[in-house]
Protein chains: 2
Amino acid sequence: MTKASGRRSRRPTMVDVAREAGVALSTVSRVVNQDPTVGPEFARRVQTAIDTLGYRPDEQAQQLRRGTSRTIGMAAREMSARNPLLAEFERGAYASGLTVFAASTADDVERERTVVLSMARRGFDGVVLEPIGPDHSYLAPEIATGLAVVAVDRPVAGPETDAVLADNAAGIDMAYRQLAAHGHSRIAYIGDHERIFTGRARAAAFRACLSADGRAVTGLVHTGETVQHRIDVAMRAVLSAETAATALVTGNVTTTFAVLTYLAAEVPPERRPALVGFDDFPLASLLDPPVTVISQDSMAMAHAALNLMTARLAAPERPLETVTVPVSLIARGSGERPPVH
Amino acid sequence: MTKASGRRSRRPTMVDVAREAGVALSTVSRVVNQDPTVGPEFARRVQTAIDTLGYRPDEQAQQLRRGTSRTIGMAAREMSARNPLLAEFERGAYASGLTVFAASTADDVERERTVVLSMARRGFDGVVLEPIGPDHSYLAPEIATGLAVVAVDRPVAGPETDAVLADNAAGIDMAYRQLAAHGHSRIAYIGDHERIFTGRARAAAFRACLSADGRAVTGLVHTGETVQHRIDVAMRAVLSAETAATALVTGNVTTTFAVLTYLAAEVPPERRPALVGFDDFPLASLLDPPVTVISQDSMAMAHAALNLMTARLAAPERPLETVTVPVSLIARGSGERPPVH
């Protein structure tokens, strides 16, 4: 600690520049802040001193004075997963002169809180958040004191914020109807835990499809942790003799991967059920059969999030807004197979 | 700007707490900094005022006083790509009480510079960097004034820093020998641009394999941008009648995906060359044939990077260190096919 402090203090300060240039501290400050009233001779002397000492303005100190950081935090569920939304948001923000720093919440409620509060206390102007838990009341005082928050993928629970959501219900409905249109009458759903908003929304939409079709839900909806073991159990249940489903809808990419892994290991190709996965993924078209998916428009979601964020920063009192972004079905083959009985 | 400042100023300050508690500002400061010399009655009064006003210490101001931020920046080539190294580094750092903020450089030299300098000027203690360009002299003054820098995947060019590298040469050698052991004598390499360190290191290692085997390099090594169009051109060249290669080594995942896409579209299954890809990827085992890869140990690389970073922060003057992490071959089928002539 002592050492680190010692090293930091070697960084030249504005006071050093003033001494080197033989001018008042306020003159250095005016030059650094590009005040046009500084005479050219003084500006030159200060600039020479800045170059000589290698002085660089401290963004933290500037930020404390300015009260705005032009920095947006991105608290994403998982940065290691392919996250085109994050990449696209970053690209757009960078182009607008905003700095984006991302941290992952690792699907952990406590870690989300730590990460978001640490962004707020570092003076970030706003946070784009993929919310996890059922209660975000910790955000209320931050929002009250000026933090702009935009929720993506799921809404914040507790204080209300701007939000960008995918049209989960429409996506599940498309998946179900695609399978039904290809002759399937026993269609099962395997998806994420229902404590997660998207897991809950998609499972609910699937149950609604079954009900609208006059079908019983029993044994056809399996939600929970998206780990291979749990998916294996669900697969054995939905493919078991009595009630075998001939088609599957998977609720997210992790589930799709686990289902494909199970099928490759346990079910001969000609016996495999039809499949529509929620969310597109690389290589989907190179698998056999190529995988039909519901594709979220990550680009549109990223642009919507950036628009909501910049609008909120410009006009903190504007009414809250939720943007629902349409999804589309990409038919590749796995969802267009006839039932195998 | 004015509006944002106006909102920020609503956040209660230490002065507000002192006024509310009816104590001196220095007393509040001592309580906030857990000075044990404050009497319990004063501590209680200050705490009550803190709770009443919802005062939260400003981490930026504290950091300016402390001279250390316990914050590490991660400047990654691409956050949207599956980046287990980043996720694992974050996990380990979080467990050690460090905050990690990541930003992507998007393979853009200017953006790398902007991102890293913005981390340095915000008082981050260190930066873990996947370096891009051929010249990192912009880092020298930052390192001189105390920024800890650890390069991952490639070394920094210019100032010397700690670094974690994969054993690229050993990986290429394993890939080449696996194909040779399965009867291939015309083996081609398609990989990343040689302006990128890993692209350069892997292509050089491949040329060395050919030379050691007494084979001509001509027409067998194709490096450049990893975009589908360029890979298509390279594939047509290596598979053309005169000099057709019967086996391929791909230099990174993006290249592997593009090669698989080309093969799926253009070459009937029975005519496809054997293939070993550098870097493992999800679903590799579900493709037909399953893809043999050289697997980098991202976990080991992340742990090495975190160890180097914490060691550097604790002892800024310690000698520089480069850790080379072994790679392994995962044989799945595509690299074990006999030559098709």
# chains A, B, ... in the order shown; residues from 1 in each chain; ligands from 1
>>> residues_around(residues="stretch 37-50 of chain B", least_positions_apart="5", cutoff="12 Å", atoms="only C-alpha atoms", output="mmCIF file with all heavy atoms, in the first residue's frame")
data_model
loop_
_atom_site.group_PDB
_atom_site.id
_atom_site.type_symbol
_atom_site.label_atom_id
_atom_site.label_comp_id
_atom_site.auth_asym_id
_atom_site.auth_seq_id
_atom_site.Cartn_x
_atom_site.Cartn_y
_atom_site.Cartn_z
ATOM 1 N N ARG B 11 -26.355 14.562 -4.241
ATOM 2 C CA ARG B 11 -25.759 13.503 -3.441
ATOM 3 C C ARG B 11 -25.180 14.132 -2.164
ATOM 4 O O ARG B 11 -24.401 15.082 -2.257
ATOM 5 C CB ARG B 11 -24.647 12.843 -4.266
ATOM 6 C CG ARG B 11 -24.174 11.523 -3.750
ATOM 7 C CD ARG B 11 -23.103 10.974 -4.675
ATOM 8 N NE ARG B 11 -23.694 10.335 -5.866
ATOM 9 C CZ ARG B 11 -23.674 9.020 -6.090
ATOM 10 N NH1 ARG B 11 -23.062 8.219 -5.249
ATOM 11 N NH2 ARG B 11 -24.217 8.506 -7.155
ATOM 12 N N PRO B 12 -25.572 13.664 -0.971
ATOM 13 C CA PRO B 12 -25.090 14.302 0.255
ATOM 14 C C PRO B 12 -23.576 14.170 0.401
ATOM 15 O O PRO B 12 -23.005 13.139 0.036
ATOM 16 C CB PRO B 12 -25.820 13.543 1.366
ATOM 17 C CG PRO B 12 -26.305 12.290 0.749
ATOM 18 C CD PRO B 12 -26.477 12.545 -0.717
ATOM 19 N N THR B 13 -22.964 15.222 0.910
ATOM 20 C CA THR B 13 -21.513 15.226 1.082
ATOM 21 C C THR B 13 -21.173 15.091 2.566
ATOM 22 O O THR B 13 -22.044 15.125 3.432
ATOM 23 C CB THR B 13 -20.918 16.546 0.572
ATOM 24 O OG1 THR B 13 -21.396 17.591 1.434
ATOM 25 C CG2 THR B 13 -21.349 16.832 -0.857
ATOM 26 N N MET B 14 -19.875 14.984 2.834
ATOM 27 C CA MET B 14 -19.401 14.922 4.211
ATOM 28 C C MET B 14 -19.772 16.188 4.981
ATOM 29 O O MET B 14 -20.038 16.141 6.185
ATOM 30 C CB MET B 14 -17.881 14.767 4.197
ATOM 31 C CG MET B 14 -17.435 13.421 4.727
ATOM 32 S SD MET B 14 -15.667 13.430 4.972
ATOM 33 C CE MET B 14 -15.233 11.964 4.092
ATOM 34 N N VAL B 15 -19.803 17.318 4.253
ATOM 35 C CA VAL B 15 -20.174 18.589 4.894
ATOM 36 C C VAL B 15 -21.620 18.515 5.388
ATOM 37 O O VAL B 15 -21.931 18.940 6.512
ATOM 38 C CB VAL B 15 -19.980 19.764 3.898
ATOM 39 C CG1 VAL B 15 -20.490 21.066 4.511
ATOM 40 C CG2 VAL B 15 -18.520 19.882 3.495
ATOM 41 N N ASP B 16 -22.499 17.938 4.561
ATOM 42 C CA ASP B 16 -23.900 17.771 4.980
ATOM 43 C C ASP B 16 -23.990 16.904 6.234
ATOM 44 O O ASP B 16 -24.778 17.179 7.144
ATOM 45 C CB ASP B 16 -24.727 17.113 3.862
ATOM 46 C CG ASP B 16 -24.754 17.967 2.596
ATOM 47 O OD1 ASP B 16 -24.783 19.200 2.727
ATOM 48 O OD2 ASP B 16 -24.736 17.376 1.490
ATOM 49 N N VAL B 17 -23.182 15.843 6.265
ATOM 50 C CA VAL B 17 -23.205 14.936 7.417
ATOM 51 C C VAL B 17 -22.748 15.677 8.674
ATOM 52 O O VAL B 17 -23.363 15.569 9.738
ATOM 53 C CB VAL B 17 -22.316 13.691 7.165
ATOM 54 C CG1 VAL B 17 -22.233 12.824 8.425
ATOM 55 C CG2 VAL B 17 -22.844 12.873 5.993
ATOM 56 N N ALA B 18 -21.674 16.474 8.510
ATOM 57 C CA ALA B 18 -21.148 17.219 9.664
ATOM 58 C C ALA B 18 -22.207 18.181 10.209
ATOM 59 O O ALA B 18 -22.427 18.275 11.423
ATOM 60 C CB ALA B 18 -19.892 17.983 9.242
ATOM 61 N N ARG B 19 -22.905 18.866 9.285
ATOM 62 C CA ARG B 19 -23.945 19.819 9.678
ATOM 63 C C ARG B 19 -25.071 19.083 10.413
ATOM 64 O O ARG B 19 -25.480 19.472 11.499
ATOM 65 C CB ARG B 19 -24.479 20.513 8.407
ATOM 66 C CG ARG B 19 -25.192 21.816 8.679
ATOM 67 C CD ARG B 19 -25.478 22.559 7.367
ATOM 68 N NE ARG B 19 -24.265 23.019 6.692
ATOM 69 C CZ ARG B 19 -24.067 23.000 5.374
ATOM 70 N NH1 ARG B 19 -24.999 22.523 4.577
ATOM 71 N NH2 ARG B 19 -22.944 23.454 4.853
ATOM 72 N N GLU B 20 -25.534 17.982 9.813
ATOM 73 C CA GLU B 20 -26.622 17.188 10.396
ATOM 74 C C GLU B 20 -26.247 16.666 11.789
ATOM 75 O O GLU B 20 -27.063 16.688 12.703
ATOM 76 C CB GLU B 20 -26.955 16.007 9.457
ATOM 77 C CG GLU B 20 -27.968 15.000 9.983
ATOM 78 C CD GLU B 20 -29.413 15.466 9.850
ATOM 79 O OE1 GLU B 20 -29.662 16.413 9.075
ATOM 80 O OE2 GLU B 20 -30.290 14.901 10.538
ATOM 81 N N ALA B 21 -24.990 16.213 11.941
ATOM 82 C CA ALA B 21 -24.563 15.618 13.214
ATOM 83 C C ALA B 21 -24.136 16.679 14.222
ATOM 84 O O ALA B 21 -23.968 16.376 15.407
ATOM 85 C CB ALA B 21 -23.420 14.642 12.963
ATOM 86 N N GLY B 22 -23.942 17.904 13.740
ATOM 87 C CA GLY B 22 -23.460 18.962 14.620
ATOM 88 C C GLY B 22 -22.034 18.706 15.097
ATOM 89 O O GLY B 22 -21.698 18.932 16.258
ATOM 90 N N VAL B 23 -21.200 18.187 14.212
ATOM 91 C CA VAL B 23 -19.793 17.934 14.563
ATOM 92 C C VAL B 23 -18.910 18.554 13.493
ATOM 93 O O VAL B 23 -19.391 19.020 12.459
ATOM 94 C CB VAL B 23 -19.480 16.412 14.645
ATOM 95 C CG1 VAL B 23 -20.378 15.725 15.662
ATOM 96 C CG2 VAL B 23 -19.624 15.758 13.263
ATOM 97 N N ALA B 24 -17.590 18.559 13.761
ATOM 98 C CA ALA B 24 -16.655 19.112 12.785
ATOM 99 C C ALA B 24 -16.500 18.145 11.606
ATOM 100 O O ALA B 24 -16.670 16.931 11.755
ATOM 101 C CB ALA B 24 -15.292 19.351 13.426
ATOM 102 N N LEU B 25 -16.147 18.713 10.452
ATOM 103 C CA LEU B 25 -15.933 17.910 9.249
ATOM 104 C C LEU B 25 -14.880 16.831 9.504
ATOM 105 O O LEU B 25 -15.015 15.671 9.081
ATOM 106 C CB LEU B 25 -15.477 18.837 8.102
ATOM 107 C CG LEU B 25 -15.209 18.191 6.742
ATOM 108 C CD1 LEU B 25 -16.432 17.446 6.236
ATOM 109 C CD2 LEU B 25 -14.795 19.258 5.732
ATOM 110 N N SER B 26 -13.834 17.186 10.234
ATOM 111 C CA SER B 26 -12.752 16.224 10.484
ATOM 112 C C SER B 26 -13.247 15.027 11.299
ATOM 113 O O SER B 26 -12.758 13.910 11.140
ATOM 114 C CB SER B 26 -11.595 16.912 11.198
ATOM 115 O OG SER B 26 -12.050 17.410 12.440
ATOM 116 N N THR B 27 -14.248 15.272 12.141
ATOM 117 C CA THR B 27 -14.803 14.158 12.922
ATOM 118 C C THR B 27 -15.508 13.167 11.996
ATOM 119 O O THR B 27 -15.354 11.947 12.121
ATOM 120 C CB THR B 27 -15.798 14.689 13.981
ATOM 121 O OG1 THR B 27 -15.155 15.721 14.722
ATOM 122 C CG2 THR B 27 -16.252 13.581 14.914
ATOM 123 N N VAL B 28 -16.281 13.715 11.052
ATOM 124 C CA VAL B 28 -16.955 12.849 10.086
ATOM 125 C C VAL B 28 -15.906 12.041 9.326
ATOM 126 O O VAL B 28 -16.017 10.818 9.164
ATOM 127 C CB VAL B 28 -17.801 13.671 9.085
ATOM 128 C CG1 VAL B 28 -18.437 12.742 8.052
ATOM 129 C CG2 VAL B 28 -18.858 14.477 9.817
ATOM 130 N N SER B 29 -14.874 12.728 8.890
ATOM 131 C CA SER B 29 -13.828 12.069 8.123
ATOM 132 C C SER B 29 -13.211 10.925 8.927
ATOM 133 O O SER B 29 -12.984 9.833 8.401
ATOM 134 C CB SER B 29 -12.770 13.104 7.742
ATOM 135 O OG SER B 29 -11.649 12.452 7.216
ATOM 136 N N ARG B 30 -12.960 11.190 10.224
ATOM 137 C CA ARG B 30 -12.352 10.154 11.056
ATOM 138 C C ARG B 30 -13.299 8.961 11.215
ATOM 139 O O ARG B 30 -12.869 7.807 11.183
ATOM 140 C CB ARG B 30 -11.941 10.738 12.411
ATOM 141 C CG ARG B 30 -10.653 11.582 12.314
ATOM 142 C CD ARG B 30 -10.524 12.551 13.491
ATOM 143 N NE ARG B 30 -10.357 11.849 14.755
ATOM 144 C CZ ARG B 30 -10.780 12.307 15.941
ATOM 145 N NH1 ARG B 30 -11.385 13.480 16.016
ATOM 146 N NH2 ARG B 30 -10.576 11.604 17.033
ATOM 147 N N VAL B 31 -14.593 9.226 11.358
ATOM 148 C CA VAL B 31 -15.548 8.123 11.492
ATOM 149 C C VAL B 31 -15.589 7.299 10.201
ATOM 150 O O VAL B 31 -15.518 6.072 10.220
ATOM 151 C CB VAL B 31 -16.961 8.649 11.847
ATOM 152 C CG1 VAL B 31 -17.987 7.512 11.789
ATOM 153 C CG2 VAL B 31 -16.954 9.302 13.225
ATOM 154 N N VAL B 32 -15.681 8.019 9.078
ATOM 155 C CA VAL B 32 -15.760 7.326 7.786
ATOM 156 C C VAL B 32 -14.506 6.474 7.573
ATOM 157 O O VAL B 32 -14.566 5.370 7.032
ATOM 158 C CB VAL B 32 -15.939 8.357 6.640
ATOM 159 C CG1 VAL B 32 -15.670 7.718 5.276
ATOM 160 C CG2 VAL B 32 -17.345 8.951 6.684
ATOM 161 N N TYR B 55 -25.850 9.179 3.195
ATOM 162 C CA TYR B 55 -24.511 9.532 2.701
ATOM 163 C C TYR B 55 -23.709 8.277 2.368
ATOM 164 O O TYR B 55 -23.738 7.293 3.091
ATOM 165 C CB TYR B 55 -23.762 10.340 3.769
ATOM 166 C CG TYR B 55 -22.286 10.487 3.463
ATOM 167 C CD1 TYR B 55 -21.846 11.403 2.504
ATOM 168 C CD2 TYR B 55 -21.339 9.704 4.119
ATOM 169 C CE1 TYR B 55 -20.504 11.518 2.207
ATOM 170 C CE2 TYR B 55 -19.997 9.817 3.835
ATOM 171 C CZ TYR B 55 -19.573 10.722 2.877
ATOM 172 O OH TYR B 55 -18.250 10.833 2.584
ATOM 173 N N ARG B 56 -23.023 8.317 1.215
ATOM 174 C CA ARG B 56 -22.112 7.225 0.859
ATOM 175 C C ARG B 56 -20.768 7.824 0.478
ATOM 176 O O ARG B 56 -20.718 8.766 -0.307
ATOM 177 C CB ARG B 56 -22.669 6.409 -0.306
ATOM 178 C CG ARG B 56 -23.861 5.534 0.116
ATOM 179 C CD ARG B 56 -24.439 4.765 -1.038
ATOM 180 N NE ARG B 56 -24.774 5.642 -2.148
ATOM 181 C CZ ARG B 56 -25.780 6.494 -2.164
ATOM 182 N NH1 ARG B 56 -26.571 6.619 -1.111
ATOM 183 N NH2 ARG B 56 -26.023 7.233 -3.217
ATOM 184 N N PRO B 57 -19.692 7.278 1.056
ATOM 185 C CA PRO B 57 -18.379 7.843 0.759
ATOM 186 C C PRO B 57 -18.112 7.784 -0.746
ATOM 187 O O PRO B 57 -18.516 6.839 -1.421
ATOM 188 C CB PRO B 57 -17.400 6.934 1.501
ATOM 189 C CG PRO B 57 -18.192 5.968 2.287
ATOM 190 C CD PRO B 57 -19.630 6.112 1.934
#
>>> select_by_dssp(residues="stretch 138-291 of chain B", states="helix (DSSP H, G or I)", output="VMD selection string")
chain B and resid 138 to 144 168 to 181 197 to 212 228 to 239 253 to 266 269 to 271 284 to 286
>>> residues_around(residues="A:Gly171", least_positions_apart="3", cutoff="9 Å", atoms="only C-alpha atoms", output="MDAnalysis selection string")
chainID A and resid 166:168 174:176 202 205 278 294:296 326:329
>>> write_last_selection(atoms="N, CA, C and O atoms", output="PDB file, in the first residue's frame")
ATOM      1  N   ALA A 166     -36.346  -8.326 -25.254  1.00  0.00           N
ATOM      2  CA  ALA A 166     -36.692  -9.042 -26.483  1.00  0.00           C
ATOM      3  C   ALA A 166     -38.144  -9.481 -26.367  1.00  0.00           C
ATOM      4  O   ALA A 166     -38.665  -9.630 -25.263  1.00  0.00           O
ATOM      5  N   ASP A 167     -38.791  -9.701 -27.489  1.00  0.00           N
ATOM      6  CA  ASP A 167     -40.177 -10.146 -27.449  1.00  0.00           C
ATOM      7  C   ASP A 167     -40.199 -11.660 -27.207  1.00  0.00           C
ATOM      8  O   ASP A 167     -40.378 -12.462 -28.127  1.00  0.00           O
ATOM      9  N   ASN A 168     -40.005 -12.025 -25.936  1.00  0.00           N
ATOM     10  CA  ASN A 168     -39.896 -13.436 -25.561  1.00  0.00           C
ATOM     11  C   ASN A 168     -41.132 -14.240 -25.934  1.00  0.00           C
ATOM     12  O   ASN A 168     -41.031 -15.355 -26.469  1.00  0.00           O
ATOM     13  N   MET A 174     -43.655 -18.375 -32.013  1.00  0.00           N
ATOM     14  CA  MET A 174     -43.148 -18.739 -33.351  1.00  0.00           C
ATOM     15  C   MET A 174     -42.544 -20.136 -33.349  1.00  0.00           C
ATOM     16  O   MET A 174     -42.750 -20.911 -34.284  1.00  0.00           O
ATOM     17  N   ALA A 175     -41.753 -20.423 -32.305  1.00  0.00           N
ATOM     18  CA  ALA A 175     -41.100 -21.731 -32.218  1.00  0.00           C
ATOM     19  C   ALA A 175     -42.153 -22.837 -32.147  1.00  0.00           C
ATOM     20  O   ALA A 175     -42.097 -23.825 -32.877  1.00  0.00           O
ATOM     21  N   TYR A 176     -43.145 -22.633 -31.276  1.00  0.00           N
ATOM     22  CA  TYR A 176     -44.195 -23.631 -31.086  1.00  0.00           C
ATOM     23  C   TYR A 176     -44.976 -23.844 -32.380  1.00  0.00           C
ATOM     24  O   TYR A 176     -45.217 -24.974 -32.808  1.00  0.00           O
ATOM     25  N   ARG A 202     -40.346 -17.036 -20.856  1.00  0.00           N
ATOM     26  CA  ARG A 202     -40.412 -18.005 -21.955  1.00  0.00           C
ATOM     27  C   ARG A 202     -41.199 -19.249 -21.555  1.00  0.00           C
ATOM     28  O   ARG A 202     -41.985 -19.774 -22.346  1.00  0.00           O
ATOM     29  N   ALA A 205     -44.838 -18.325 -21.621  1.00  0.00           N
ATOM     30  CA  ALA A 205     -45.332 -18.227 -22.999  1.00  0.00           C
ATOM     31  C   ALA A 205     -45.560 -19.624 -23.576  1.00  0.00           C
ATOM     32  O   ALA A 205     -46.526 -19.863 -24.307  1.00  0.00           O
ATOM     33  N   PHE A 278     -34.044 -21.168 -28.648  1.00  0.00           N
ATOM     34  CA  PHE A 278     -34.148 -19.714 -28.474  1.00  0.00           C
ATOM     35  C   PHE A 278     -32.732 -19.159 -28.451  1.00  0.00           C
ATOM     36  O   PHE A 278     -31.901 -19.619 -27.663  1.00  0.00           O
ATOM     37  N   ILE A 294     -34.805 -19.185 -32.831  1.00  0.00           N
ATOM     38  CA  ILE A 294     -35.415 -17.871 -32.665  1.00  0.00           C
ATOM     39  C   ILE A 294     -34.247 -16.924 -32.441  1.00  0.00           C
ATOM     40  O   ILE A 294     -33.461 -17.100 -31.513  1.00  0.00           O
ATOM     41  N   SER A 295     -34.113 -15.950 -33.318  1.00  0.00           N
ATOM     42  CA  SER A 295     -32.952 -15.073 -33.252  1.00  0.00           C
ATOM     43  C   SER A 295     -33.328 -13.725 -32.641  1.00  0.00           C
ATOM     44  O   SER A 295     -34.273 -13.074 -33.078  1.00  0.00           O
ATOM     45  N   GLN A 296     -32.592 -13.330 -31.605  1.00  0.00           N
ATOM     46  CA  GLN A 296     -32.790 -12.011 -31.026  1.00  0.00           C
ATOM     47  C   GLN A 296     -31.964 -11.017 -31.823  1.00  0.00           C
ATOM     48  O   GLN A 296     -30.880 -11.337 -32.284  1.00  0.00           O
ATOM     49  N   PRO A 326     -38.360  -6.903 -31.594  1.00  0.00           N
ATOM     50  CA  PRO A 326     -38.890  -8.132 -32.209  1.00  0.00           C
ATOM     51  C   PRO A 326     -37.815  -9.209 -32.378  1.00  0.00           C
ATOM     52  O   PRO A 326     -36.628  -8.902 -32.446  1.00  0.00           O
ATOM     53  N   VAL A 327     -38.246 -10.459 -32.414  1.00  0.00           N
ATOM     54  CA  VAL A 327     -37.343 -11.582 -32.684  1.00  0.00           C
ATOM     55  C   VAL A 327     -37.790 -12.217 -34.001  1.00  0.00           C
ATOM     56  O   VAL A 327     -38.865 -11.924 -34.503  1.00  0.00           O
ATOM     57  N   SER A 328     -36.948 -13.091 -34.551  1.00  0.00           N
ATOM     58  CA  SER A 328     -37.340 -13.739 -35.812  1.00  0.00           C
ATOM     59  C   SER A 328     -36.975 -15.215 -35.783  1.00  0.00           C
ATOM     60  O   SER A 328     -36.104 -15.634 -35.021  1.00  0.00           O
ATOM     61  N   LEU A 329     -37.660 -15.994 -36.600  1.00  0.00           N
ATOM     62  CA  LEU A 329     -37.358 -17.419 -36.688  1.00  0.00           C
ATOM     63  C   LEU A 329     -36.457 -17.658 -37.896  1.00  0.00           C
ATOM     64  O   LEU A 329     -36.717 -17.157 -38.984  1.00  0.00           O
TER      65      LEU A 329
END
>>> residues_around(residues="B:Ala93", least_positions_apart="5", cutoff="9 Å", atoms="only C-alpha atoms", output="PDB file with all heavy atoms, in the first residue's frame")
ATOM      1  N   ILE B  72      -8.477  -3.118 -11.404  1.00  0.00           N
ATOM      2  CA  ILE B  72      -7.658  -3.570 -12.521  1.00  0.00           C
ATOM      3  C   ILE B  72      -8.481  -3.435 -13.791  1.00  0.00           C
ATOM      4  O   ILE B  72      -9.648  -3.831 -13.816  1.00  0.00           O
ATOM      5  CB  ILE B  72      -7.259  -5.058 -12.336  1.00  0.00           C
ATOM      6  CG1 ILE B  72      -6.591  -5.302 -10.977  1.00  0.00           C
ATOM      7  CG2 ILE B  72      -6.359  -5.529 -13.482  1.00  0.00           C
ATOM      8  CD1 ILE B  72      -5.306  -4.559 -10.771  1.00  0.00           C
ATOM      9  N   GLU B  88     -12.399 -15.963 -16.170  1.00  0.00           N
ATOM     10  CA  GLU B  88     -11.671 -16.608 -15.091  1.00  0.00           C
ATOM     11  C   GLU B  88     -10.818 -15.586 -14.324  1.00  0.00           C
ATOM     12  O   GLU B  88     -10.733 -15.636 -13.099  1.00  0.00           O
ATOM     13  CB  GLU B  88     -10.786 -17.732 -15.657  1.00  0.00           C
ATOM     14  CG  GLU B  88     -10.064 -18.554 -14.626  1.00  0.00           C
ATOM     15  CD  GLU B  88     -10.991 -19.318 -13.689  1.00  0.00           C
ATOM     16  OE1 GLU B  88     -12.171 -19.505 -14.030  1.00  0.00           O
ATOM     17  OE2 GLU B  88     -10.529 -19.710 -12.601  1.00  0.00           O
ATOM     18  N   LEU B  98     -10.337  -7.477  -5.605  1.00  0.00           N
ATOM     19  CA  LEU B  98     -10.031  -6.495  -6.643  1.00  0.00           C
ATOM     20  C   LEU B  98     -11.262  -6.319  -7.525  1.00  0.00           C
ATOM     21  O   LEU B  98     -12.008  -7.265  -7.756  1.00  0.00           O
ATOM     22  CB  LEU B  98      -8.876  -6.981  -7.522  1.00  0.00           C
ATOM     23  CG  LEU B  98      -7.499  -7.100  -6.863  1.00  0.00           C
ATOM     24  CD1 LEU B  98      -6.548  -7.907  -7.747  1.00  0.00           C
ATOM     25  CD2 LEU B  98      -6.922  -5.711  -6.612  1.00  0.00           C
ATOM     26  N   THR B  99     -11.462  -5.106  -8.019  1.00  0.00           N
ATOM     27  CA  THR B  99     -12.534  -4.868  -8.982  1.00  0.00           C
ATOM     28  C   THR B  99     -11.919  -4.893 -10.372  1.00  0.00           C
ATOM     29  O   THR B  99     -10.857  -4.327 -10.582  1.00  0.00           O
ATOM     30  CB  THR B  99     -13.175  -3.488  -8.725  1.00  0.00           C
ATOM     31  OG1 THR B  99     -13.676  -3.466  -7.396  1.00  0.00           O
ATOM     32  CG2 THR B  99     -14.308  -3.221  -9.694  1.00  0.00           C
ATOM     33  N   VAL B 100     -12.560  -5.574 -11.304  1.00  0.00           N
ATOM     34  CA  VAL B 100     -12.068  -5.615 -12.680  1.00  0.00           C
ATOM     35  C   VAL B 100     -13.083  -4.930 -13.589  1.00  0.00           C
ATOM     36  O   VAL B 100     -14.265  -5.247 -13.546  1.00  0.00           O
ATOM     37  CB  VAL B 100     -11.856  -7.066 -13.163  1.00  0.00           C
ATOM     38  CG1 VAL B 100     -11.418  -7.092 -14.630  1.00  0.00           C
ATOM     39  CG2 VAL B 100     -10.841  -7.777 -12.295  1.00  0.00           C
ATOM     40  N   LEU B 306      -3.238 -13.211 -13.142  1.00  0.00           N
ATOM     41  CA  LEU B 306      -3.616 -12.648 -11.848  1.00  0.00           C
ATOM     42  C   LEU B 306      -2.433 -12.700 -10.875  1.00  0.00           C
ATOM     43  O   LEU B 306      -2.181 -11.742 -10.136  1.00  0.00           O
ATOM     44  CB  LEU B 306      -4.829 -13.392 -11.289  1.00  0.00           C
ATOM     45  CG  LEU B 306      -5.426 -12.851  -9.996  1.00  0.00           C
ATOM     46  CD1 LEU B 306      -5.819 -11.386 -10.135  1.00  0.00           C
ATOM     47  CD2 LEU B 306      -6.649 -13.673  -9.593  1.00  0.00           C
TER      48      LEU B 306
END
>>> residues_around(residues="B:Asp107", least_positions_apart="3", cutoff="12 Å", atoms="only C-alpha atoms", output="MDAnalysis selection string")
chainID B and resid 75:79 103:104 110:113 115 129:133 193 195:196 225:226
>>> atom_distance(atom1="atom CA of A:Thr322", atom2="atom CA of A:Ala163")
4.6 Å
>>> residues_around(residues="stretch 309-316 of chain A", least_positions_apart="2", cutoff="7 Å", atoms="only C-alpha atoms", output="number ranges by chain")
A: 148, 150, 305-307, 318
>>> atom_distance(atom1="atom CA of A:Phe197", atom2="atom CA of A:Leu86")
19.0 Å
>>> select_by_dssp(residues="stretch 92-219 of chain B", states="strand (DSSP E or B)", output="PyMOL selection string")
chain B and resi 99-104+126-129+148-152+162-166+187-191
>>> closest_residue(among="B:Val238, B:Ile190, B:Val156, B:Ala258", to="chain A", atoms="only C-alpha atoms")
B:Ala258
>>> residues_around(residues="A:Asp162", least_positions_apart="6", cutoff="8 Å", atoms="only C-alpha atoms", output="PyMOL selection string")
chain A and resi 149-151+308+320-322
